[in-house]
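Listing of structure_7.cif; format and content: mmCIF, C-alpha atoms.
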```cif
data_input
loop_
_atom_site.label_atom_id
_atom_site.label_comp_id
_atom_site.auth_asym_id
_atom_site.auth_seq_id
_atom_site.Cartn_x
_atom_site.Cartn_y
_atom_site.Cartn_z
CA MET A 1121 -13.58 -36.07 18.70
CA THR A 1122 -13.19 -32.66 20.32
CA SER A 1123 -16.12 -30.51 19.39
CA ARG A 1124 -16.51 -28.43 22.57
CA GLU A 1125 -20.19 -29.38 22.66
CA SER A 1126 -20.93 -27.18 19.68
CA THR A 1127 -23.90 -28.15 17.57
CA ARG A 1128 -22.36 -26.36 14.59
CA VAL A 1129 -22.02 -28.12 11.28
CA GLY A 1130 -20.09 -27.03 8.23
CA ARG A 1131 -18.97 -28.22 4.86
CA TYR A 1132 -16.82 -27.37 1.91
CA VAL A 1133 -18.88 -27.90 -1.23
CA ARG A 1134 -17.04 -28.30 -4.53
CA MET A 1135 -19.00 -27.68 -7.70
CA VAL A 1136 -17.59 -27.92 -11.20
CA ALA A 1137 -19.32 -26.17 -14.07
CA VAL A 1138 -19.55 -27.44 -17.60
CA PRO A 1139 -16.49 -26.12 -19.48
CA GLY A 1140 -16.47 -22.32 -19.80
CA SER A 1141 -19.30 -21.76 -17.32
CA GLY A 1142 -17.27 -21.16 -14.16
CA ASP A 1143 -18.04 -17.42 -14.13
CA GLU A 1144 -21.77 -17.99 -14.54
CA LEU A 1145 -21.75 -20.66 -11.84
CA ALA A 1146 -19.98 -18.30 -9.43
CA GLU A 1147 -22.40 -15.45 -10.18
CA ASN A 1148 -25.43 -17.67 -9.63
CA LEU A 1149 -23.99 -19.04 -6.39
CA LEU A 1150 -23.42 -15.49 -5.19
CA LYS A 1151 -27.16 -14.92 -5.68
CA VAL A 1152 -27.87 -18.06 -3.66
CA ALA A 1153 -25.47 -16.74 -1.01
CA GLU A 1154 -27.30 -13.41 -0.84
CA GLY A 1155 -30.53 -15.35 -0.41
CA MET A 1156 -28.93 -17.11 2.57
CA ARG A 1157 -28.08 -13.84 4.29
CA GLY A 1158 -30.26 -13.71 7.36
CA ALA A 1159 -31.38 -17.32 7.05
CA PRO A 1160 -31.76 -18.69 10.60
CA GLY A 1161 -28.55 -20.34 11.74
CA CYS A 1162 -26.48 -19.33 8.70
CA GLU A 1163 -23.05 -18.29 9.97
CA LEU A 1164 -20.99 -18.58 6.79
CA TYR A 1165 -21.90 -19.12 3.16
CA ILE A 1166 -18.86 -17.93 1.23
CA VAL A 1167 -18.42 -18.42 -2.50
CA ASN A 1168 -14.84 -18.98 -3.66
CA ARG A 1169 -13.09 -19.41 -6.98
CA THR A 1170 -9.89 -21.41 -7.07
CA PRO A 1171 -6.88 -20.39 -9.19
CA ASP A 1172 -6.17 -24.00 -10.11
CA GLU A 1173 -9.51 -24.83 -11.74
CA GLU A 1174 -11.33 -22.11 -13.62
CA ASP A 1175 -14.63 -23.96 -13.79
CA ALA A 1176 -14.73 -24.98 -10.14
CA VAL A 1177 -16.41 -23.09 -7.31
CA TRP A 1178 -16.08 -23.94 -3.62
CA VAL A 1179 -18.66 -22.86 -1.05
CA THR A 1180 -17.62 -22.63 2.62
CA GLU A 1181 -20.67 -23.21 4.82
CA VAL A 1182 -21.13 -23.01 8.59
CA TRP A 1183 -24.53 -23.48 10.23
CA ALA A 1184 -25.59 -23.22 13.86
CA ASP A 1185 -26.92 -26.76 13.74
CA GLU A 1186 -27.93 -29.55 11.41
CA ALA A 1187 -31.60 -28.53 11.38
CA SER A 1188 -30.91 -24.99 10.16
CA SER A 1189 -28.65 -26.37 7.45
CA GLU A 1190 -31.34 -28.73 6.23
CA ASP A 1191 -34.08 -26.13 6.42
CA ALA A 1192 -32.06 -23.71 4.32
CA LEU A 1193 -31.17 -26.32 1.77
CA ASN A 1194 -34.81 -27.21 1.33
CA ARG A 1195 -35.75 -23.55 1.17
CA ASP A 1196 -33.06 -22.48 -1.25
CA LEU A 1197 -33.81 -25.29 -3.67
CA GLY A 1198 -37.19 -23.71 -4.15
CA GLU A 1199 -36.66 -20.03 -3.55
CA ALA A 1200 -33.11 -18.80 -3.55
CA GLY A 1201 -31.99 -19.88 -6.97
CA LEU A 1202 -30.20 -23.18 -6.60
CA GLY A 1203 -32.37 -24.18 -9.55
CA SER A 1204 -30.22 -21.82 -11.61
CA VAL A 1205 -27.09 -23.61 -10.44
CA LEU A 1206 -27.82 -27.27 -11.01
CA PRO A 1207 -28.12 -27.05 -14.83
CA LEU A 1208 -24.61 -25.55 -15.00
CA LEU A 1209 -22.92 -28.42 -13.21
CA ALA A 1210 -20.74 -30.94 -14.97
CA GLY A 1211 -21.41 -33.46 -12.21
CA PRO A 1212 -22.86 -33.76 -8.73
CA PRO A 1213 -21.43 -31.49 -6.00
CA GLU A 1214 -18.84 -33.02 -3.70
CA PHE A 1215 -18.80 -32.36 0.04
CA ILE A 1216 -16.24 -32.40 2.81
CA GLU A 1217 -18.22 -32.55 6.06
CA LEU A 1218 -16.88 -30.45 8.93
CA ALA A 1219 -17.40 -29.98 12.65
CA PRO A 1220 -16.24 -26.38 13.24
CA VAL A 1221 -14.45 -26.02 16.57
CA GLY A 1222 -13.36 -22.39 16.87
CA GLY A 1223 -11.11 -19.59 15.76
CA PRO A 1224 -11.39 -16.08 14.34
CA GLY A 1225 -14.46 -15.71 12.14
CA LEU A 1226 -16.61 -17.99 14.24
CA SER A 1227 -18.70 -16.30 16.93
CA SER A 1228 -18.03 -17.67 20.39
CA MET B 237 -11.96 -15.49 -13.31
CA THR B 238 -14.50 -13.31 -11.51
CA SER B 239 -12.94 -11.94 -8.38
CA ARG B 240 -14.72 -8.56 -8.11
CA GLU B 241 -11.32 -6.91 -7.76
CA SER B 242 -10.92 -8.30 -4.27
CA THR B 243 -7.37 -8.81 -3.08
CA ARG B 244 -8.56 -11.47 -0.65
CA VAL B 245 -6.91 -14.83 -0.55
CA GLY B 246 -8.03 -17.95 1.24
CA ARG B 247 -7.28 -21.61 1.59
CA TYR B 248 -8.49 -24.83 3.05
CA VAL B 249 -5.57 -26.49 4.83
CA ARG B 250 -5.80 -30.21 5.56
CA MET B 251 -3.54 -31.60 8.24
CA VAL B 252 -3.44 -35.22 9.33
CA ALA B 253 -2.04 -36.15 12.72
CA VAL B 254 -0.10 -39.27 13.53
CA PRO B 255 -2.62 -41.94 14.57
CA GLY B 256 -4.45 -41.09 17.77
CA SER B 257 -3.26 -37.47 17.90
CA GLY B 258 -6.20 -35.77 16.20
CA ASP B 259 -7.48 -34.25 19.45
CA GLU B 260 -4.06 -32.86 20.35
CA LEU B 261 -3.57 -31.47 16.86
CA ALA B 262 -6.95 -29.71 17.01
CA GLU B 263 -6.22 -28.25 20.45
CA ASN B 264 -2.84 -26.94 19.34
CA LEU B 265 -4.32 -25.45 16.18
CA LEU B 266 -6.95 -23.69 18.27
CA LYS B 267 -4.09 -22.03 20.16
CA VAL B 268 -2.56 -20.97 16.84
CA ALA B 269 -6.01 -19.66 15.84
CA GLU B 270 -6.26 -17.61 19.02
CA GLY B 271 -2.84 -16.18 18.26
CA MET B 272 -4.18 -15.11 14.85
CA ARG B 273 -7.06 -13.18 16.38
CA GLY B 274 -6.35 -9.56 15.66
CA ALA B 275 -3.52 -10.31 13.23
CA PRO B 276 -3.64 -7.66 10.49
CA GLY B 277 -5.75 -8.85 7.58
CA CYS B 278 -6.95 -12.04 9.26
CA GLU B 279 -10.65 -12.45 8.39
CA LEU B 280 -11.14 -16.17 9.08
CA TYR B 281 -8.98 -18.80 10.72
CA ILE B 282 -11.41 -21.55 11.67
CA VAL B 283 -10.33 -24.94 12.99
CA ASN B 284 -12.55 -27.86 11.99
CA ARG B 285 -12.69 -31.56 12.73
CA THR B 286 -14.23 -33.84 10.15
CA PRO B 287 -16.48 -36.77 11.07
CA ASP B 288 -14.94 -38.95 8.39
CA GLU B 289 -11.32 -38.84 9.57
CA GLU B 290 -10.65 -38.63 13.27
CA ASP B 291 -7.00 -37.65 12.91
CA ALA B 292 -7.57 -34.94 10.30
CA VAL B 293 -8.07 -31.24 10.94
CA TRP B 294 -9.07 -28.66 8.34
CA VAL B 295 -8.36 -24.96 8.74
CA THR B 296 -10.46 -22.44 6.80
CA GLU B 297 -8.43 -19.29 6.19
CA VAL B 298 -9.37 -15.95 4.64
CA TRP B 299 -6.91 -13.04 4.52
CA ALA B 300 -7.34 -9.48 3.27
CA ASP B 301 -4.43 -9.96 0.87
CA GLU B 302 -1.46 -12.16 0.09
CA ALA B 303 0.96 -10.03 2.09
CA SER B 304 -1.01 -10.30 5.33
CA SER B 305 -1.27 -14.05 4.85
CA GLU B 306 2.48 -14.39 4.39
CA ASP B 307 3.30 -12.07 7.27
CA ALA B 308 1.11 -14.07 9.64
CA LEU B 309 2.54 -17.37 8.50
CA ASN B 310 6.05 -16.13 9.17
CA ARG B 311 4.99 -14.69 12.49
CA ASP B 312 3.06 -17.70 13.71
CA LEU B 313 5.86 -20.10 12.87
CA GLY B 314 7.92 -18.28 15.45
CA GLU B 315 5.43 -17.00 17.95
CA ALA B 316 1.95 -18.46 17.85
CA GLY B 317 2.71 -22.11 18.32
CA LEU B 318 2.81 -23.70 14.89
CA GLY B 319 5.99 -25.28 16.21
CA SER B 320 3.73 -27.33 18.49
CA VAL B 321 1.75 -28.50 15.46
CA LEU B 322 4.38 -29.69 13.01
CA PRO B 323 5.71 -32.57 15.17
CA LEU B 324 2.19 -34.03 15.36
CA LEU B 325 1.72 -34.29 11.61
CA ALA B 326 1.80 -37.59 9.76
CA GLY B 327 2.74 -35.75 6.55
CA PRO B 328 2.96 -32.29 5.04
CA PRO B 329 -0.20 -30.12 5.09
CA GLU B 330 -2.24 -30.03 1.89
CA PHE B 331 -3.78 -26.83 0.55
CA ILE B 332 -6.70 -25.90 -1.64
CA GLU B 333 -6.06 -22.32 -2.74
CA LEU B 334 -9.10 -20.03 -2.88
CA ALA B 335 -10.09 -16.62 -4.18
CA PRO B 336 -13.03 -15.67 -1.93
CA VAL B 337 -15.71 -13.75 -3.86
CA GLY B 338 -18.52 -12.99 -1.41
CA GLY B 339 -21.39 -14.19 0.70
CA PRO B 340 -22.49 -14.16 4.34
CA GLY B 341 -19.51 -14.29 6.70
CA LEU B 342 -17.30 -12.16 4.47
CA SER B 343 -17.32 -8.44 5.18
CA SER B 344 -18.26 -6.38 2.15
#
```

How would this structure read if it were set down as structure tokens?
Amino acid sequence: MTSRESTRVGRYVRMVAVPGSGDELAENLLKVAEGMRGAPGCELYIVNRTPDEEDAVWVTEVWADEASSEDALNRDLGEAGLGSVLPLLAGPPEFIELAPVGGPGLSS
Amino acid sequence: MTSRESTRVGRYVRMVAVPGSGDELAENLLKVAEGMRGAPGCELYIVNRTPDEEDAVWVTEVWADEASSEDALNRDLGEAGLGSVLPLLAGPPEFIELAPVGGPGLSS
């Protein structure tokens, strides 16, 4: 698999709120995202709605390496408000794991 | 749907190569991505492999608005090499449409 020796990891995370709570889920995830700003190794943490599913939120994540991703996940569970997200979910988050290769938006 | 009055549009595009052509597909998409650098309204155009499917490539796109997205698509079909991508595909691309809201990696 071509990865150009990057250690970067990424994922698309799909979360679905209990019916009617999509707005609240998105707002709370934006707070988590702000808490990630400046976290070591955090390159992208973008919160997205999707026109097709009003209670779903997708988060686009890119991290410099696996360790920074894990550190932040552990940290944000305690500090950055992911505790305000989990109770809104209709089910467990789903992940598409990525190995980012390059392109505009990724620092070289 | 909360969108904070942003006109931004985004999508995750999943492309699957004919068996064994995942590397070539990713390389050709990186050339398309380089052609997008500096395209008006292009905020992200990131090429990703995924560890779970060696012949699949995901592209993370964010555009300033729908018009810039459409303009670039029309342009790149002719100029930036998407013509070198289509023959490698095992089937049509699939899209998850997004309305990006905010977070690190998105300019405010």

Interface list for chain B, partner chain A, 7 Å threshold, only C-alpha atoms, as a PDB file with C-alpha atoms, in the coordinates of the input:
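Written output follows (part-v2.pdb):
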```pdb
ATOM      1  CA  MET B 237     -11.960 -15.490 -13.310  1.00  0.00           C
ATOM      2  CA  THR B 238     -14.500 -13.310 -11.510  1.00  0.00           C
ATOM      3  CA  ASP B 259      -7.480 -34.250  19.450  1.00  0.00           C
ATOM      4  CA  LEU B 266      -6.950 -23.690  18.270  1.00  0.00           C
ATOM      5  CA  ALA B 269      -6.010 -19.660  15.840  1.00  0.00           C
ATOM      6  CA  GLU B 270      -6.260 -17.610  19.020  1.00  0.00           C
ATOM      7  CA  ARG B 273      -7.060 -13.180  16.380  1.00  0.00           C
ATOM      8  CA  GLU B 279     -10.650 -12.450   8.390  1.00  0.00           C
ATOM      9  CA  LEU B 280     -11.140 -16.170   9.080  1.00  0.00           C
ATOM     10  CA  TYR B 281      -8.980 -18.800  10.720  1.00  0.00           C
ATOM     11  CA  ILE B 282     -11.410 -21.550  11.670  1.00  0.00           C
ATOM     12  CA  VAL B 283     -10.330 -24.940  12.990  1.00  0.00           C
ATOM     13  CA  ASN B 284     -12.550 -27.860  11.990  1.00  0.00           C
ATOM     14  CA  ARG B 285     -12.690 -31.560  12.730  1.00  0.00           C
ATOM     15  CA  THR B 286     -14.230 -33.840  10.150  1.00  0.00           C
ATOM     16  CA  PRO B 287     -16.480 -36.770  11.070  1.00  0.00           C
ATOM     17  CA  GLU B 290     -10.650 -38.630  13.270  1.00  0.00           C
ATOM     18  CA  GLU B 333      -6.060 -22.320  -2.740  1.00  0.00           C
ATOM     19  CA  LEU B 334      -9.100 -20.030  -2.880  1.00  0.00           C
ATOM     20  CA  ALA B 335     -10.090 -16.620  -4.180  1.00  0.00           C
ATOM     21  CA  PRO B 336     -13.030 -15.670  -1.930  1.00  0.00           C
ATOM     22  CA  VAL B 337     -15.710 -13.750  -3.860  1.00  0.00           C
ATOM     23  CA  GLY B 338     -18.520 -12.990  -1.410  1.00  0.00           C
ATOM     24  CA  GLY B 339     -21.390 -14.190   0.700  1.00  0.00           C
ATOM     25  CA  PRO B 340     -22.490 -14.160   4.340  1.00  0.00           C
ATOM     26  CA  GLY B 341     -19.510 -14.290   6.700  1.00  0.00           C
ATOM     27  CA  LEU B 342     -17.300 -12.160   4.470  1.00  0.00           C
TER      28      LEU B 342
END
```

Exercise. For B:Ser344, which residue out of B:Ala300, B:Ala292, B:Leu325, B:Phe331 is the nearest one, using only C-alpha atoms?
Worked result: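 Of B:Ala300, B:Ala292, B:Leu325, B:Phe331, the one nearest B:Ser344, counting only C-alpha atoms, is B:Ala300.
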
For this session: Quick one: pull the distance between atom CA of B:Pro255 and atom CA of B:Glu330, Å, one decimal.
Result: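 That distance, rounded to one decimal, is 17.4 Å.
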
For this session: Quick one: pull the distance between atom CA of B:Glu302 and atom CA of B:Arg244, Å, one decimal.
Result: 7.2 Å

Exercise. Quick one: distance from atom CA of A:Leu1202 to atom CA of A:Ser1188 in Å, one decimal?
Worked result: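 Atom CA of A:Leu1202 sits 16.9 Å away from atom CA of A:Ser1188.
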
Exercise. Once you count only C-alpha atoms, which residues end up no further than 7 Å from (-4.2, -36.9, 6.6) in the file's frame, shown as number ranges by chain?
Worked result: B: 250-253, 291-292, 326

Can you tell me, as lines of an AutoDock Vina configuration file, the centre and edge lengths (Å, one decimal) of the axis-aligned box enclosing all of stretch 244-259 of chain B's listed atoms after padding each side by 4 Å?
```
center_x = -4.3
center_y = -26.7
center_z = 9.4
size_x = 16.5
size_y = 38.5
size_z = 28.1
```

Exercise. Which is closer to A:Ser1141 than all the others in A:Thr1127, A:Leu1208, A:Gly1203, A:Ala1192, using all atoms listed in the file?
Worked result: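 Selected residue with least distance to A:Ser1141: A:Leu1208.
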
How would stretch 283-299 of chain B look with N, CA and C atoms restored, written as a JSON list (two decimals), in the coordinates of the input?
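What ended up in rebuild.json:
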```json
[["chain", "number", "residue", "atom", "x", "y", "z"],
["B", 283, "VAL", "N", -10.80, -23.56, 12.83],
["B", 283, "VAL", "CA", -10.33, -24.94, 12.99],
["B", 283, "VAL", "C", -11.55, -25.87, 12.95],
["B", 284, "ASN", "N", -11.45, -26.91, 12.15],
["B", 284, "ASN", "CA", -12.55, -27.86, 11.99],
["B", 284, "ASN", "C", -12.07, -29.30, 12.14],
["B", 285, "ARG", "N", -12.85, -30.12, 12.82],
["B", 285, "ARG", "CA", -12.69, -31.56, 12.73],
["B", 285, "ARG", "C", -13.55, -32.04, 11.56],
["B", 286, "THR", "N", -13.35, -33.27, 11.16],
["B", 286, "THR", "CA", -14.23, -33.84, 10.15],
["B", 286, "THR", "C", -14.66, -35.23, 10.60],
["B", 287, "PRO", "N", -15.97, -35.51, 10.54],
["B", 287, "PRO", "CA", -16.48, -36.77, 11.07],
["B", 287, "PRO", "C", -15.89, -38.00, 10.38],
["B", 288, "ASP", "N", -15.39, -37.81, 9.17],
["B", 288, "ASP", "CA", -14.94, -38.95, 8.39],
["B", 288, "ASP", "C", -13.51, -39.40, 8.71],
["B", 289, "GLU", "N", -12.74, -38.53, 9.33],
["B", 289, "GLU", "CA", -11.32, -38.84, 9.57],
["B", 289, "GLU", "C", -10.92, -38.30, 10.92],
["B", 290, "GLU", "N", -10.81, -39.16, 11.92],
["B", 290, "GLU", "CA", -10.65, -38.63, 13.27],
["B", 290, "GLU", "C", -9.29, -37.99, 13.52],
["B", 291, "ASP", "N", -8.31, -38.27, 12.71],
["B", 291, "ASP", "CA", -7.00, -37.65, 12.91],
["B", 291, "ASP", "C", -6.73, -36.49, 11.96],
["B", 292, "ALA", "N", -7.75, -36.07, 11.23],
["B", 292, "ALA", "CA", -7.57, -34.94, 10.30],
["B", 292, "ALA", "C", -8.18, -33.67, 10.88],
["B", 293, "VAL", "N", -7.54, -32.55, 10.58],
["B", 293, "VAL", "CA", -8.07, -31.24, 10.94],
["B", 293, "VAL", "C", -7.98, -30.35, 9.70],
["B", 294, "TRP", "N", -9.05, -29.61, 9.45],
["B", 294, "TRP", "CA", -9.07, -28.66, 8.34],
["B", 294, "TRP", "C", -9.10, -27.25, 8.91],
["B", 295, "VAL", "N", -8.30, -26.36, 8.35],
["B", 295, "VAL", "CA", -8.36, -24.96, 8.74],
["B", 295, "VAL", "C", -8.86, -24.14, 7.55],
["B", 296, "THR", "N", -9.91, -23.34, 7.81],
["B", 296, "THR", "CA", -10.46, -22.44, 6.80],
["B", 296, "THR", "C", -9.87, -21.06, 7.02],
["B", 297, "GLU", "N", -9.08, -20.60, 6.06],
["B", 297, "GLU", "CA", -8.43, -19.29, 6.19],
["B", 297, "GLU", "C", -8.94, -18.31, 5.15],
["B", 298, "VAL", "N", -9.17, -17.06, 5.58],
["B", 298, "VAL", "CA", -9.37, -15.95, 4.64],
["B", 298, "VAL", "C", -8.54, -14.77, 5.14],
["B", 299, "TRP", "N", -7.79, -14.19, 4.23],
["B", 299, "TRP", "CA", -6.91, -13.04, 4.52],
["B", 299, "TRP", "C", -7.26, -11.88, 3.59]]
```
